[in-house]
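For reference, my_file.txt (compact mmCIF, C-alpha atoms and all ligand atoms):
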# COMPACT_ATOMS: atom_id res chain seq x y z
CA MET A 21 -19.25 20.93 18.66
CA GLN A 22 -20.37 24.21 17.15
CA VAL A 23 -18.73 27.66 17.15
CA VAL A 24 -20.23 30.86 15.83
CA LEU A 25 -18.37 33.42 13.69
CA ALA A 26 -19.10 36.80 15.29
CA THR A 27 -18.96 38.91 12.14
CA HIS A 28 -21.48 40.47 9.78
CA ASN A 29 -18.89 40.90 7.01
CA PRO A 30 -19.59 38.19 4.38
CA HIS A 31 -16.01 38.47 3.00
CA LYS A 32 -14.61 37.61 6.41
CA VAL A 33 -17.06 34.71 6.75
CA GLU A 34 -15.89 33.28 3.45
CA GLU A 35 -12.18 33.66 4.24
CA LEU A 36 -12.58 32.32 7.78
CA ARG A 37 -14.51 29.28 6.63
CA ARG A 38 -11.72 28.47 4.16
CA ILE A 39 -9.03 29.03 6.80
CA LEU A 40 -10.80 27.13 9.59
CA ALA A 41 -12.53 24.20 7.84
CA PRO A 42 -9.41 22.09 7.20
CA ARG A 43 -7.93 22.94 10.59
CA LEU A 44 -10.99 22.23 12.74
CA PRO A 45 -12.45 18.94 11.53
CA GLY A 46 -15.48 17.96 13.58
CA ILE A 47 -16.25 21.53 14.61
CA GLU A 48 -19.21 23.13 12.84
CA VAL A 49 -18.58 26.81 12.09
CA LEU A 50 -21.86 28.78 12.06
CA ALA A 51 -22.51 32.28 10.72
CA TYR A 52 -23.90 34.80 13.25
CA ASP A 53 -26.97 36.90 12.48
CA GLY A 54 -27.70 38.25 15.97
CA PRO A 55 -27.46 41.88 17.09
CA GLU A 56 -24.28 43.77 16.24
CA PRO A 57 -22.66 45.25 19.37
CA VAL A 58 -21.34 48.82 19.44
CA GLU A 59 -17.63 48.59 18.61
CA ASP A 60 -16.46 51.32 20.94
CA GLY A 61 -13.14 49.81 21.98
CA THR A 62 -9.92 51.71 21.49
CA SER A 63 -7.91 48.80 20.05
CA PHE A 64 -8.28 45.78 17.78
CA VAL A 65 -8.13 43.58 20.90
CA GLU A 66 -10.95 45.42 22.68
CA ASN A 67 -13.19 45.41 19.61
CA ALA A 68 -12.55 41.74 18.84
CA LEU A 69 -13.46 40.81 22.42
CA ILE A 70 -16.60 43.01 22.33
CA LYS A 71 -17.80 41.14 19.23
CA ALA A 72 -16.91 37.65 20.50
CA ARG A 73 -18.52 38.25 23.93
CA ALA A 74 -21.73 39.60 22.39
CA ALA A 75 -22.14 36.61 20.06
CA ALA A 76 -21.33 34.10 22.82
CA ALA A 77 -23.89 35.75 25.14
CA HIS A 78 -26.56 35.86 22.42
CA THR A 79 -26.13 32.30 21.12
CA GLY A 80 -24.86 30.43 24.17
CA LEU A 81 -22.12 29.02 21.92
CA PRO A 82 -18.35 29.60 21.81
CA ALA A 83 -17.82 32.59 19.51
CA ILE A 84 -14.91 33.65 17.34
CA ALA A 85 -14.41 37.27 16.25
CA ASP A 86 -12.04 39.08 13.90
CA ASP A 87 -11.23 42.75 14.29
CA SER A 88 -8.94 43.90 11.54
CA GLY A 89 -7.77 46.83 9.47
CA ILE A 90 -5.02 48.51 7.51
CA CYS A 91 -2.34 50.47 9.42
CA VAL A 92 -0.31 52.97 7.40
CA ASP A 93 3.09 54.01 8.79
CA VAL A 94 3.07 57.60 7.51
CA LEU A 95 -0.42 58.09 9.01
CA GLY A 96 0.73 56.90 12.44
CA GLY A 97 -1.11 53.57 12.09
CA SER A 98 -4.41 54.95 10.76
CA PRO A 99 -6.97 53.96 9.52
CA GLY A 100 -6.38 51.07 11.99
CA ILE A 101 -9.53 50.24 13.95
CA PHE A 102 -11.44 52.78 11.84
CA SER A 103 -10.69 51.02 8.52
CA ALA A 104 -14.29 49.94 7.81
CA ARG A 105 -15.60 53.50 8.27
CA TRP A 106 -12.60 55.56 7.12
CA ALA A 107 -14.67 57.65 4.68
CA GLY A 108 -17.82 57.71 6.86
CA PRO A 109 -20.47 55.56 8.52
CA ALA A 110 -21.71 54.07 5.23
CA ARG A 111 -18.79 51.57 5.27
CA ASP A 112 -18.26 52.20 1.55
CA ALA A 113 -15.18 50.15 0.65
CA GLU A 114 -14.52 52.07 -2.57
CA ALA A 115 -14.79 55.46 -0.81
CA ASN A 116 -12.48 54.25 1.99
CA LEU A 117 -9.86 53.14 -0.49
CA ARG A 118 -10.09 56.38 -2.54
CA LEU A 119 -9.74 58.52 0.59
CA LEU A 120 -6.62 56.63 1.64
CA LEU A 121 -5.08 56.98 -1.83
CA TRP A 122 -5.83 60.72 -1.78
CA GLN A 123 -4.20 61.06 1.65
CA LEU A 124 -1.07 59.36 0.33
CA ALA A 125 -1.03 61.09 -3.06
CA ASP A 126 2.26 62.94 -2.42
CA VAL A 127 3.95 60.19 -0.43
CA PRO A 128 6.88 58.59 -2.30
CA ASP A 129 7.15 54.80 -2.77
CA ASP A 130 9.78 54.35 -0.06
CA HIS A 131 7.47 55.90 2.57
CA ARG A 132 4.30 53.94 1.77
CA GLY A 133 4.87 51.10 4.27
CA ALA A 134 1.78 49.60 5.89
CA HIS A 135 0.46 46.39 7.38
CA PHE A 136 -2.85 44.67 7.75
CA ALA A 137 -3.59 43.66 11.35
CA CYS A 138 -6.05 41.09 12.64
CA VAL A 139 -6.94 40.22 16.21
CA ALA A 140 -8.72 36.88 16.44
CA ALA A 141 -10.69 36.40 19.65
CA LEU A 142 -12.49 33.45 21.20
CA ALA A 143 -15.14 33.89 23.91
CA VAL A 144 -16.75 30.90 25.59
CA PRO A 145 -20.08 31.35 27.46
CA ASP A 146 -18.39 30.32 30.76
CA GLY A 147 -16.32 33.52 30.53
CA THR A 148 -13.09 32.04 29.18
CA GLU A 149 -11.45 34.33 26.59
CA ARG A 150 -8.39 34.18 24.35
CA HIS A 151 -6.98 36.51 21.71
CA VAL A 152 -4.04 36.51 19.31
CA THR A 153 -2.70 38.92 16.66
CA GLY A 154 -1.58 38.46 13.05
CA GLU A 155 0.10 41.06 10.85
CA TRP A 156 0.76 41.13 7.08
CA PRO A 157 3.41 43.69 6.06
CA GLY A 158 3.54 45.50 2.73
CA GLN A 159 2.96 48.89 1.17
CA ILE A 160 0.20 51.00 -0.32
CA LEU A 161 0.11 51.14 -4.11
CA ALA A 162 -0.59 54.37 -6.03
CA GLU A 163 -3.58 52.86 -7.90
CA PRO A 164 -5.99 49.97 -7.24
CA SER A 165 -5.33 46.74 -9.08
CA GLY A 166 -7.15 43.38 -9.05
CA GLU A 167 -10.65 42.06 -8.40
CA GLN A 168 -10.20 39.38 -5.71
CA GLY A 169 -10.60 39.84 -1.98
CA PHE A 170 -12.29 42.91 -0.49
CA GLY A 171 -11.71 46.23 1.25
CA TYR A 172 -8.20 47.61 0.81
CA ASP A 173 -6.84 44.52 -1.01
CA PRO A 174 -6.58 46.30 -4.43
CA ILE A 175 -4.16 48.90 -3.02
CA PHE A 176 -2.08 46.60 -0.78
CA LEU A 177 1.20 45.20 -2.12
CA PRO A 178 2.26 42.43 0.27
CA ASP A 179 5.99 42.15 1.01
CA GLY A 180 7.55 39.52 -1.26
CA TYR A 181 4.97 39.92 -4.04
CA ALA A 182 4.85 42.02 -7.21
CA ILE A 183 1.03 41.99 -7.33
CA SER A 184 -1.66 43.39 -5.06
CA ALA A 185 -3.56 41.35 -2.47
CA ALA A 186 -6.57 41.58 -4.82
CA GLU A 187 -4.55 39.83 -7.55
CA LEU A 188 -3.57 36.89 -5.35
CA THR A 189 -5.69 33.76 -5.60
CA PRO A 190 -7.95 33.24 -2.56
CA ASN A 191 -5.80 30.23 -1.61
CA VAL A 192 -2.61 32.30 -1.52
CA LYS A 193 -4.26 35.17 0.37
CA ASN A 194 -5.71 32.71 2.90
CA GLU A 195 -2.24 31.22 3.48
CA GLN A 196 -0.42 34.55 3.83
CA SER A 197 -2.83 37.13 5.23
CA HIS A 198 -3.05 38.78 8.64
CA ARG A 199 -6.25 36.76 9.11
CA ALA A 200 -4.47 33.48 8.33
CA ARG A 201 -1.59 34.41 10.65
CA ALA A 202 -3.94 35.24 13.52
CA PHE A 203 -6.24 32.23 13.14
CA GLU A 204 -3.31 29.79 12.78
CA GLN A 205 -2.49 30.77 16.38
CA LEU A 206 -6.11 30.67 17.56
CA VAL A 207 -6.86 27.19 16.19
CA PRO A 208 -4.82 25.29 18.82
CA LEU A 209 -6.48 27.36 21.56
CA ILE A 210 -9.93 26.54 20.14
CA ARG A 211 -9.04 22.83 20.04
CA GLU A 212 -7.67 22.93 23.59
CA LEU A 213 -10.71 24.73 25.04
CA LEU A 214 -13.44 22.96 23.08
CA SER A 215 -12.11 19.42 22.91
CA ASP A 216 -14.15 18.09 25.85
P1 LIG B 1 -17.48 42.93 11.54
O1 LIG B 1 -17.20 44.00 12.58
O2 LIG B 1 -18.91 42.55 11.47
O3 LIG B 1 -16.56 41.75 11.67
P2 LIG B 1 -16.29 44.86 9.72
O4 LIG B 1 -15.95 44.81 8.26
O5 LIG B 1 -16.97 46.10 10.22
O6 LIG B 1 -17.16 43.56 10.07
P3 LIG B 1 -13.90 45.49 11.22
O7 LIG B 1 -14.51 46.48 12.13
O8 LIG B 1 -12.90 44.52 11.77
O9 LIG B 1 -15.00 44.56 10.54
O10 LIG B 1 -13.23 46.29 10.01
C1 LIG B 1 -12.42 45.60 9.12
C2 LIG B 1 -12.13 46.49 7.91
O11 LIG B 1 -10.71 46.49 7.66
C3 LIG B 1 -12.79 45.93 6.66
O12 LIG B 1 -14.10 46.40 6.50
C4 LIG B 1 -11.81 46.38 5.58
O13 LIG B 1 -12.05 47.73 5.27
C5 LIG B 1 -10.47 46.27 6.30
N1 LIG B 1 -9.89 44.91 6.14
C6 LIG B 1 -9.75 43.98 7.10
N2 LIG B 1 -9.24 42.84 6.59
C7 LIG B 1 -9.05 43.08 5.28
C8 LIG B 1 -8.59 42.29 4.21
O14 LIG B 1 -8.24 41.02 4.38
N3 LIG B 1 -8.53 42.84 3.00
C9 LIG B 1 -8.90 44.12 2.80
N4 LIG B 1 -9.38 44.93 3.73
C10 LIG B 1 -9.47 44.42 4.99

Output the file's structure in the form of structure tokens.
Amino acid sequence: MQVVLATHNPHKVEELRRILAPRLPGIEVLAYDGPEPVEDGTSFVENALIKARAAAAHTGLPAIADDSGICVDVLGGSPGIFSARWAGPARDAEANLRLLLWQLADVPDDHRGAHFACVAALAVPDGTERHVTGEWPGQILAEPSGEQGFGYDPIFLPDGYAISAAELTPNVKNEQSHRARAFEQLVPLIRELLSD
């Protein structure tokens, strides 16, 4: 059995392969290089389903999508679904991170709460769909720190840690993250739907 990962973000592909491979023996997880749909949903759930449906329709295979982002309490949950393009359409991760730090420049430590969110969606060509949500709570640091991971990891201090998400080893991030928490829930649904 094959499933396709409905993302064009190579960092997500790498993390998802590491998360899924040991949990889905016998299922081949393929990267997707088909057309990218317009992500015009108004929530993580809508956007995850848009991506999964498009890849399932294009490939004829079951497709898995991840829509994710950083949600900052003092900004009312923004950047949220706009995380990839927070500083503009170029999807410049460094510019996104710098803009967020600038927006929080005067916010004291005890008001810098945030969480990463991930909606993991599965779409099967027969029209069956499932989605689940994972969250990773923490706070936004004043300065970037660390080289691992991607996106906002250098400025995210996960609850229970004294180092940023970009200073965690990939193994620890892939056990703790919003992505891990979402896909842990999706795996049994994938097994149930694709076992026959
Ligand atoms: P696809 O739509 O092709 O999957 P994308 O990167 O555009 O790729 P999203 O629309 O879901 O995907 O945006 C996710 C953004 O949220 C991502 O580009 C980062 O800026 C941020 N993000 C999500 N998960 C993250 C993580 O684990 N670490 C750091 N930043 C993350």

Using all atoms listed in the file, find each protein or nucleic acid residue lying at most 7 Å from ligand LIG 1 (chain B); present the set as a PyMOL selection string. chain A and resi 26-29+32+85-90+101-104+113+136+169-173+197+199

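As for atom CA of Gly97 of chain A and atom CA of Pro109 of chain A, they are spaced 19.8 Å apart.
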
Just how far from atom CA of Phe64 of chain A is atom CA of Val139 of chain A, in Å to one decimal?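 So the two atoms, atom CA of Val139 of chain A and atom CA of Phe64 of chain A, lie 5.9 Å apart.
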
Using only C-alpha atoms, can you tell me which of A:Val49, A:Leu121, A:Ala182, A:Val23 comes closest to Leu213 of chain A?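 Once distances to Leu213 of chain A are computed over only C-alpha atoms, the minimum belongs to A:Val23.
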
Using only C-alpha atoms, find the one residue out of A:Thr79, A:Gln22, A:Ser98, A:Gln205 that sits nearest to Leu120 of chain A.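 Distance minimum relative to Leu120 of chain A lands on A:Ser98.
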
Fill-in result for segment 39-71 of chain A, N, CA and C atoms as an mmCIF file, in the coordinates of the input:
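Result saved to rebuild_23.cif:
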data_model
loop_
_atom_site.group_PDB
_atom_site.id
_atom_site.type_symbol
_atom_site.label_atom_id
_atom_site.label_comp_id
_atom_site.auth_asym_id
_atom_site.auth_seq_id
_atom_site.Cartn_x
_atom_site.Cartn_y
_atom_site.Cartn_z
ATOM 1 N N ILE A 39 -10.199 29.185 5.926
ATOM 2 C CA ILE A 39 -9.030 29.030 6.800
ATOM 3 C C ILE A 39 -9.297 27.962 7.872
ATOM 4 N N LEU A 40 -10.529 27.975 8.428
ATOM 5 C CA LEU A 40 -10.800 27.130 9.590
ATOM 6 C C LEU A 40 -11.202 25.694 9.231
ATOM 7 N N ALA A 41 -11.941 25.532 8.126
ATOM 8 C CA ALA A 41 -12.530 24.200 7.840
ATOM 9 C C ALA A 41 -11.485 23.079 7.880
ATOM 10 N N PRO A 42 -10.349 23.215 7.169
ATOM 11 C CA PRO A 42 -9.410 22.090 7.200
ATOM 12 C C PRO A 42 -8.689 21.934 8.536
ATOM 13 N N ARG A 43 -8.688 22.993 9.330
ATOM 14 C CA ARG A 43 -7.930 22.940 10.590
ATOM 15 C C ARG A 43 -8.782 22.523 11.785
ATOM 16 N N LEU A 44 -10.107 22.569 11.611
ATOM 17 C CA LEU A 44 -10.990 22.230 12.740
ATOM 18 C C LEU A 44 -11.994 21.153 12.328
ATOM 19 N N PRO A 45 -11.500 19.981 11.914
ATOM 20 C CA PRO A 45 -12.450 18.940 11.530
ATOM 21 C C PRO A 45 -13.305 18.566 12.739
ATOM 22 N N GLY A 46 -14.591 18.352 12.476
ATOM 23 C CA GLY A 46 -15.480 17.960 13.580
ATOM 24 C C GLY A 46 -16.089 19.138 14.307
ATOM 25 N N ILE A 47 -15.645 20.357 13.980
ATOM 26 C CA ILE A 47 -16.250 21.530 14.610
ATOM 27 C C ILE A 47 -17.049 22.278 13.544
ATOM 28 N N GLU A 48 -18.336 22.470 13.808
ATOM 29 C CA GLU A 48 -19.210 23.130 12.840
ATOM 30 C C GLU A 48 -19.129 24.644 13.058
ATOM 31 N N VAL A 49 -18.763 25.364 11.977
ATOM 32 C CA VAL A 49 -18.580 26.810 12.090
ATOM 33 C C VAL A 49 -19.825 27.504 11.536
ATOM 34 N N LEU A 50 -20.573 28.168 12.436
ATOM 35 C CA LEU A 50 -21.860 28.780 12.060
ATOM 36 C C LEU A 50 -21.700 30.279 11.833
ATOM 37 N N ALA A 51 -22.467 30.830 10.890
ATOM 38 C CA ALA A 51 -22.510 32.280 10.720
ATOM 39 C C ALA A 51 -23.394 32.865 11.826
ATOM 40 N N TYR A 52 -23.165 34.121 12.161
ATOM 41 C CA TYR A 52 -23.900 34.800 13.250
ATOM 42 C C TYR A 52 -24.801 35.870 12.653
ATOM 43 N N ASP A 53 -26.108 35.830 12.998
ATOM 44 C CA ASP A 53 -26.970 36.900 12.480
ATOM 45 C C ASP A 53 -27.694 37.619 13.623
ATOM 46 N N GLY A 54 -27.119 37.563 14.822
ATOM 47 C CA GLY A 54 -27.700 38.250 15.970
ATOM 48 C C GLY A 54 -27.339 39.730 15.958
ATOM 49 N N PRO A 55 -27.716 40.431 17.044
ATOM 50 C CA PRO A 55 -27.460 41.880 17.090
ATOM 51 C C PRO A 55 -25.971 42.206 17.043
ATOM 52 N N GLU A 56 -25.676 43.315 16.367
ATOM 53 C CA GLU A 56 -24.280 43.770 16.240
ATOM 54 C C GLU A 56 -23.973 44.677 17.426
ATOM 55 N N PRO A 57 -22.958 44.375 18.230
ATOM 56 C CA PRO A 57 -22.660 45.250 19.370
ATOM 57 C C PRO A 57 -22.017 46.547 18.899
ATOM 58 N N VAL A 58 -22.047 47.568 19.749
ATOM 59 C CA VAL A 58 -21.340 48.820 19.440
ATOM 60 C C VAL A 58 -19.848 48.549 19.619
ATOM 61 N N GLU A 59 -19.088 48.808 18.538
ATOM 62 C CA GLU A 59 -17.630 48.590 18.610
ATOM 63 C C GLU A 59 -16.977 49.873 19.100
ATOM 64 N N ASP A 60 -17.006 50.071 20.416
ATOM 65 C CA ASP A 60 -16.460 51.320 20.940
ATOM 66 C C ASP A 60 -15.147 51.122 21.693
ATOM 67 N N GLY A 61 -14.466 50.026 21.395
ATOM 68 C CA GLY A 61 -13.140 49.810 21.980
ATOM 69 C C GLY A 61 -12.123 50.757 21.359
ATOM 70 N N THR A 62 -10.957 50.812 22.006
ATOM 71 C CA THR A 62 -9.920 51.710 21.490
ATOM 72 C C THR A 62 -8.766 50.924 20.867
ATOM 73 N N SER A 63 -8.955 49.627 20.657
ATOM 74 C CA SER A 63 -7.910 48.800 20.050
ATOM 75 C C SER A 63 -8.565 47.635 19.315
ATOM 76 N N PHE A 64 -7.776 46.984 18.444
ATOM 77 C CA PHE A 64 -8.280 45.780 17.780
ATOM 78 C C PHE A 64 -8.659 44.729 18.823
ATOM 79 N N VAL A 65 -7.854 44.604 19.872
ATOM 80 C CA VAL A 65 -8.130 43.580 20.900
ATOM 81 C C VAL A 65 -9.478 43.857 21.562
ATOM 82 N N GLU A 66 -9.688 45.103 21.991
ATOM 83 C CA GLU A 66 -10.950 45.420 22.680
ATOM 84 C C GLU A 66 -12.140 45.159 21.763
ATOM 85 N N ASN A 67 -12.042 45.590 20.519
ATOM 86 C CA ASN A 67 -13.190 45.410 19.610
ATOM 87 C C ASN A 67 -13.436 43.941 19.278
ATOM 88 N N ALA A 68 -12.368 43.166 19.119
ATOM 89 C CA ALA A 68 -12.550 41.740 18.840
ATOM 90 C C ALA A 68 -13.243 41.062 20.019
ATOM 91 N N LEU A 69 -12.839 41.421 21.234
ATOM 92 C CA LEU A 69 -13.460 40.810 22.420
ATOM 93 C C LEU A 69 -14.914 41.257 22.579
ATOM 94 N N ILE A 70 -15.200 42.521 22.266
ATOM 95 C CA ILE A 70 -16.600 43.010 22.330
ATOM 96 C C ILE A 70 -17.483 42.154 21.421
ATOM 97 N N LYS A 71 -16.997 41.902 20.201
ATOM 98 C CA LYS A 71 -17.800 41.140 19.230
ATOM 99 C C LYS A 71 -17.948 39.675 19.649
#
